[in-house]
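What follows is a set of notes on a single structure, which appears directly below.
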Amino acid sequence: MEQTETAKEASGDQPLPPPLPLPVVPPSPKYSIMSRRGTGRAGRRIPLVANHFKVSVNVPDAVFYQYSVSITLEDNKDVNVKGIGRKLIDRLYQTYSLEFSGKSFAYDGEKSLYTVGPLPQKKFEFTVVLEESFAKNENGSPGFTGSPNESGKRSKRSFNSKTFKIQLSYAAKIPVKSIALALKGADADNSTQDALRVLDIILRQQAANRGCLLVRQSFFHDDSQNFADVGGGVIGVRGFHASFRPTQDGLSLNTDVSTTMILKPGPVTEFLKANQGVREIRQIDWVKAKKMLKNMRIKTRHRNMEFKILGLSEKPCNQLFFPMKVKNGDATNEEQTADITVYDYFTKHCGIELTESAYLPCLVVGRPKKPNYLPLELCSLVSLQRYTKALSSNQRASLVEKSRQKPHEKTKILVDAVRNYRYDKDPLLAECGISIEKQFTQFDGRILESPKLKFGNDGEFAPNNGKWNFNNKTVLDPRHISRWVVVNFSARCDLSQISRDLISCGRKKGIQIDGPYTLIDEDPQSRRAPPIARVEKMFERIRDKLPGPPNFILCVLSERKNSDIYGPWKKKCLTGEFGIVTQCISPFKVNDQYLTNVLLKINVKLGGMNSILAIEQPSCVPVIKDTPTMILGMDVSHGSPGCSDIPSIAAVVGSRYWPYISKYGASVRTQSPKVEMIDALYKPLANGEDDGIISELLVDFYRTSNGRKPTQIIVFRDGVSESQFNQVLNIELDQIIKAYQHLGEVNIPKFTVIVAQKNHHMKLFQAGNSNNVPPGTIVDTKIVHPRNYDFYLCSHAGMIGTSRPAHYHVLLDEIGFSPDDLQNLIHSLSYVYQRSTTATSIVAPICYAHLAAYQVGQFMKFEDLSETSSGQRGMTSSGIIPVPELPKLHEKIKDTMFFC
């Protein structure tokens, strides 16, 4: 089913984002992205395939010509081209194709158009007319004349035409051969990126012509077979990602299964009930409904027309009057104006039976100054409208469950898609001589040997398939848990039994746990109070029952995830007057494995260690064992979609107790919303001190490492795209160096900077059977970048669904690791995550940074940030919204791995 243009507008035909503007950096950056120094040799060979399809370019001398597109109304007023740009360019081509000598276009949906070879002229100006159709009702009522719509044939229609001026101006040449040069290892310049971008734009245009919803380089069909209802009126829709990528083996087409969220099409009333979780229409909160429905697209049942929702009427349908011309019925048959309700208009004048709309508000559509009103039961949401708000925990869990695919299913879907879509049959790609193979790319990878681990009562242990357990094992460095309490926020469970089971499980794992000092249930009268008040009341009860602050609190919550209590409780414990280590649980299913996982977290938070790499004790870590080395993990956590005024949280963890690489401390700061670069690494104050993150971690390293200063620093950065790599090197790294110098140091450490990415579309499969690759599988040839130093590592076991490897980019290596030493170090750092008994999919320092950013971010969840609108809250006279600072962690907490 093809999607109408109006539906595409509402769903969000999102153009490819332009290259992100870089912040001001020094004219001559100190660092540039390094080239590959070689490939690893460790591990045993494994034949693999990847979701890459080899691309041949048989006309390398072809040149893309770029033309700037300017679209205005005939009175030269600017036009928002989103939603109508493609329609206008299609109409332009249909009307004036002879002017272009029949050349095909690739249009990006906004301001650029591309051809292979030049157009006959460098500049064109055209006039294009678009007709907007309006259904005309029998009585000519201005309240119900309809709205622009292009789909379907209807009787009694009037037309309102709009005239647009379209200018095309030559802008640049983009030679296709620049891709070939980059594939040979030359520095990729702007023309290479531009040429690849044009190829991707051609793929997007193909998808647009098929009526797809476009989201960057992913395309989604209106096909119910690809829909998965996740609740709340939201559907996960499965589509495809397709993009061209340069690799060592040549140009490739990378395809993958992709998922986005859309509104559930169908009656508006059914959507509202599902969205608000109610059974009856009378239970709907219309204030929430008005906010949710704004800007959605609907189709009317009585006229099969599409509209954009402006809002909801204040009055119900049977009390909402408008003036309408009616004939007086006498011999003169003259018209006169009378007020009539919307309900009476539809039931009496249109003959439409309304069963539930009389007492409901109407949808407001049309123009703000001349609104039209539509009864709710006549309206349905059109398909493929993106849902961009944050999903609930239940929705996320449902999406993961329903979108999961086994490896062999995914490989078949992708191969079939490339064969069926026949991308290389596109006229523009054909002019470039581009042909695409129809089978996955084959190559060899390597399987790295799992590092051995050390526990408390055992020798060295080699994990099997990326997993281990604590059966018959004790933790390496247990902590004695004394003077502790259990508090219960209204969860239905037996606190006495839980505490006894925890003590028993701890004994088996080598952790001595005294009996709890007391068990405290929440006062039933407090359960309806706000979360912060409930936490304060609980602390009052703790003060009343204990002679002093406890060393540890086990907190039992009634909700497993997203509990309202979690953020305020963590804030009170970690930043309050006492500084108390706490562990939250929601024990729906209590068994030995559950209790073991809880104990692993508690032991680490109290300063213990569960396991370490065997090569850490005694220290045998290559490159690190003889030279004081600090490992940093850096990440930024952003607020939920739609929360533009919630500060982002920057977290950096740093290794402690060198030469260990399993112990970490964290430093966390707020920064401006949605900003990815960390701006508080170095933060000089007026008094001459540095209040930045790095200074705090450097002092901690010095204090815990017998007065040794790091002469090597390994930085793992998460969450940045390739367009931001230079910013990591020349903004963030520069701040780290300044923080080091601020401490009075002259000799700057050597740095190795590595970006880790999980948000990519590369999948690896075993050749021959399409199974998931085993843990430790690494690839640094064929499908990697032709010049830059990158590799893929799947360190974890893919037990369910299809594994996604981590993509590591080595931007800088002053330390001088050999490929094998660096790859083995990164692989080993996936086995030191203290709260897990499986290898992680990405290095532990980054996992810890995720945890620290998330947990501290919960502190702000119930702060009063919404007293005014997001555009005005706390705004200074300069128009800048200050970012609220986080409360300082208690001194007792700063020395712990509180984030575990």
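Scheme for the structure tokens: letters A, B, ... for chains in order shown; per-chain residue numbers from 1; ligand numbers from 1 in order shown.
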For region 287-294 of chain A: contacts at 10 Å, only C-alpha atoms, fewer than 2 positions along chain excluded, given as a count of residues only: 24
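Residues with any atom within 10 Å of Asn472 (chain A), counting only C-alpha atoms and excluding same-chain neighbours fewer than 2 positions away, are Asn457, Asp458, Asn469, Phe470, Thr474, Lys508 and Lys509 of chain A.
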Those residues you just picked out, can you put them in a file as an mmCIF file, in the first residue's frame with N, CA and C atoms?
```
data_model
loop_
_atom_site.group_PDB
_atom_site.id
_atom_site.type_symbol
_atom_site.label_atom_id
_atom_site.label_comp_id
_atom_site.auth_asym_id
_atom_site.auth_seq_id
_atom_site.Cartn_x
_atom_site.Cartn_y
_atom_site.Cartn_z
ATOM 1 N N ASN A 457 38.408 -18.652 46.401
ATOM 2 C CA ASN A 457 38.833 -19.972 46.884
ATOM 3 C C ASN A 457 39.257 -20.888 45.755
ATOM 4 N N ASP A 458 39.570 -20.322 44.625
ATOM 5 C CA ASP A 458 39.850 -21.155 43.465
ATOM 6 C C ASP A 458 41.117 -20.640 42.804
ATOM 7 N N ASN A 469 30.168 -18.742 36.691
ATOM 8 C CA ASN A 469 29.228 -18.625 37.803
ATOM 9 C C ASN A 469 29.990 -18.735 39.117
ATOM 10 N N PHE A 470 29.252 -18.556 40.220
ATOM 11 C CA PHE A 470 29.864 -18.629 41.545
ATOM 12 C C PHE A 470 29.469 -19.907 42.294
ATOM 13 N N THR A 474 33.972 -18.548 45.836
ATOM 14 C CA THR A 474 33.767 -17.398 46.716
ATOM 15 C C THR A 474 34.326 -16.159 46.052
ATOM 16 N N LYS A 508 27.706 -18.866 51.469
ATOM 17 C CA LYS A 508 28.243 -19.749 50.427
ATOM 18 C C LYS A 508 29.247 -19.026 49.537
ATOM 19 N N LYS A 509 29.094 -17.740 49.374
ATOM 20 C CA LYS A 509 29.975 -16.973 48.490
ATOM 21 C C LYS A 509 31.143 -16.331 49.240
#
```
Env of region 590-603 of chain A: 6 Å cut, atoms = only C-alpha atoms, seq-sep filter 5 positions within chain, self excluded. Answer as JSON, numbers by chain. {"A": [479, 608, 835, 900]}
I'd like to know which residues of region 479-718 of chain A are alpha helix (DSSP H) (by DSSP, run on the backbone); could you write them as number ranges by chain? A: 495-508, 531-545, 566-575, 592-605, 693-704
Just want the 7 Å neighbourhood of Gly239 (chain A), counted on only C-alpha atoms, with same-chain residues fewer than 2 positions away dropped. Output as a count of residues only. 8
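The nearest approach to Asp416 (chain A) among the residues A:Gln439, A:Ser499, A:Ser35, A:Thr752, with only C-alpha atoms taken into account, belongs to A:Gln439.
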With only C-alpha atoms as the counted atoms, please give the residues lying no more than 7 Å from Asp521 (chain A), apart from itself and same-chain residues fewer than 6 positions off, as number ranges by chain. A: 487-489
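Nearest residue to Thr629 (chain A) among A:Gln712, A:Asn562, A:Thr115, A:Thr39 is A:Gln712, counting only C-alpha atoms.
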Within 12 Å of Gln395 (chain A), counting only C-alpha atoms, which residues qualify if same-chain residues fewer than 4 places away don't, as a PyMOL selection string? chain A and resi 228-236+261+275+389-391+399-403+561
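Here CA of Leu199 (chain A) and CA of Phe100 (chain A) stand 20.6 Å from one another.
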All residues 8 Å or closer to Arg86 (chain A), only C-alpha atoms, same chain fewer than 4 positions away omitted, as number ranges by chain: A: 90, 107, 109
Any chance you could export the current selection's N, CA and C atoms as a JSON list (two decimals), in the first residue's frame?
```json
[["chain", "number", "residue", "atom", "x", "y", "z"],
["A", 90, "ASP", "N", 8.67, 16.22, -8.00],
["A", 90, "ASP", "CA", 8.05, 15.26, -8.92],
["A", 90, "ASP", "C", 7.22, 15.97, -9.98],
["A", 107, "TYR", "N", 16.84, 13.84, -5.23],
["A", 107, "TYR", "CA", 16.49, 15.00, -4.41],
["A", 107, "TYR", "C", 16.55, 14.59, -2.95],
["A", 109, "GLY", "N", 15.07, 16.00, -0.46],
["A", 109, "GLY", "CA", 13.88, 16.37, 0.29],
["A", 109, "GLY", "C", 13.91, 17.77, 0.83]]
```
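Residues of region 434-545 of chain A that DSSP, applied to the backbone, places in strand (DSSP E): Ile434, Ser435, Ile436, Thr441, Gln442, Phe443, Asp444, Gly445, Arg446, Ile447, Leu453, Lys454, Glu460, Phe461, Trp484, Val485, Val486, Val487, Asn488, Phe489, Thr518, Leu519, Ile520 and Asp521 of chain A.
The interatomic distance for the pair CA of Met860 (chain A) and CA of Glu536 (chain A) works out to 16.2 Å.
When only C-alpha atoms are used to measure the gap to Gln167 (chain A), the shortest distance among A:Ser563, A:Ser619, A:Ser70, A:Gln193 belongs to A:Ser70.
Using only C-alpha atoms, the shortest contact distance between Gln319 (chain A) and any of A:Trp468, A:Tyr566, A:Tyr517, A:Tyr345 is found at A:Tyr345.
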So, counting only C-alpha atoms, which residue among A:Arg386, A:His796, A:His241, A:His785 is closest to Pro463 (chain A)? A:His796
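We find CA of Ala614 (chain A) and CA of Lys452 (chain A) to be spaced 5.5 Å apart.
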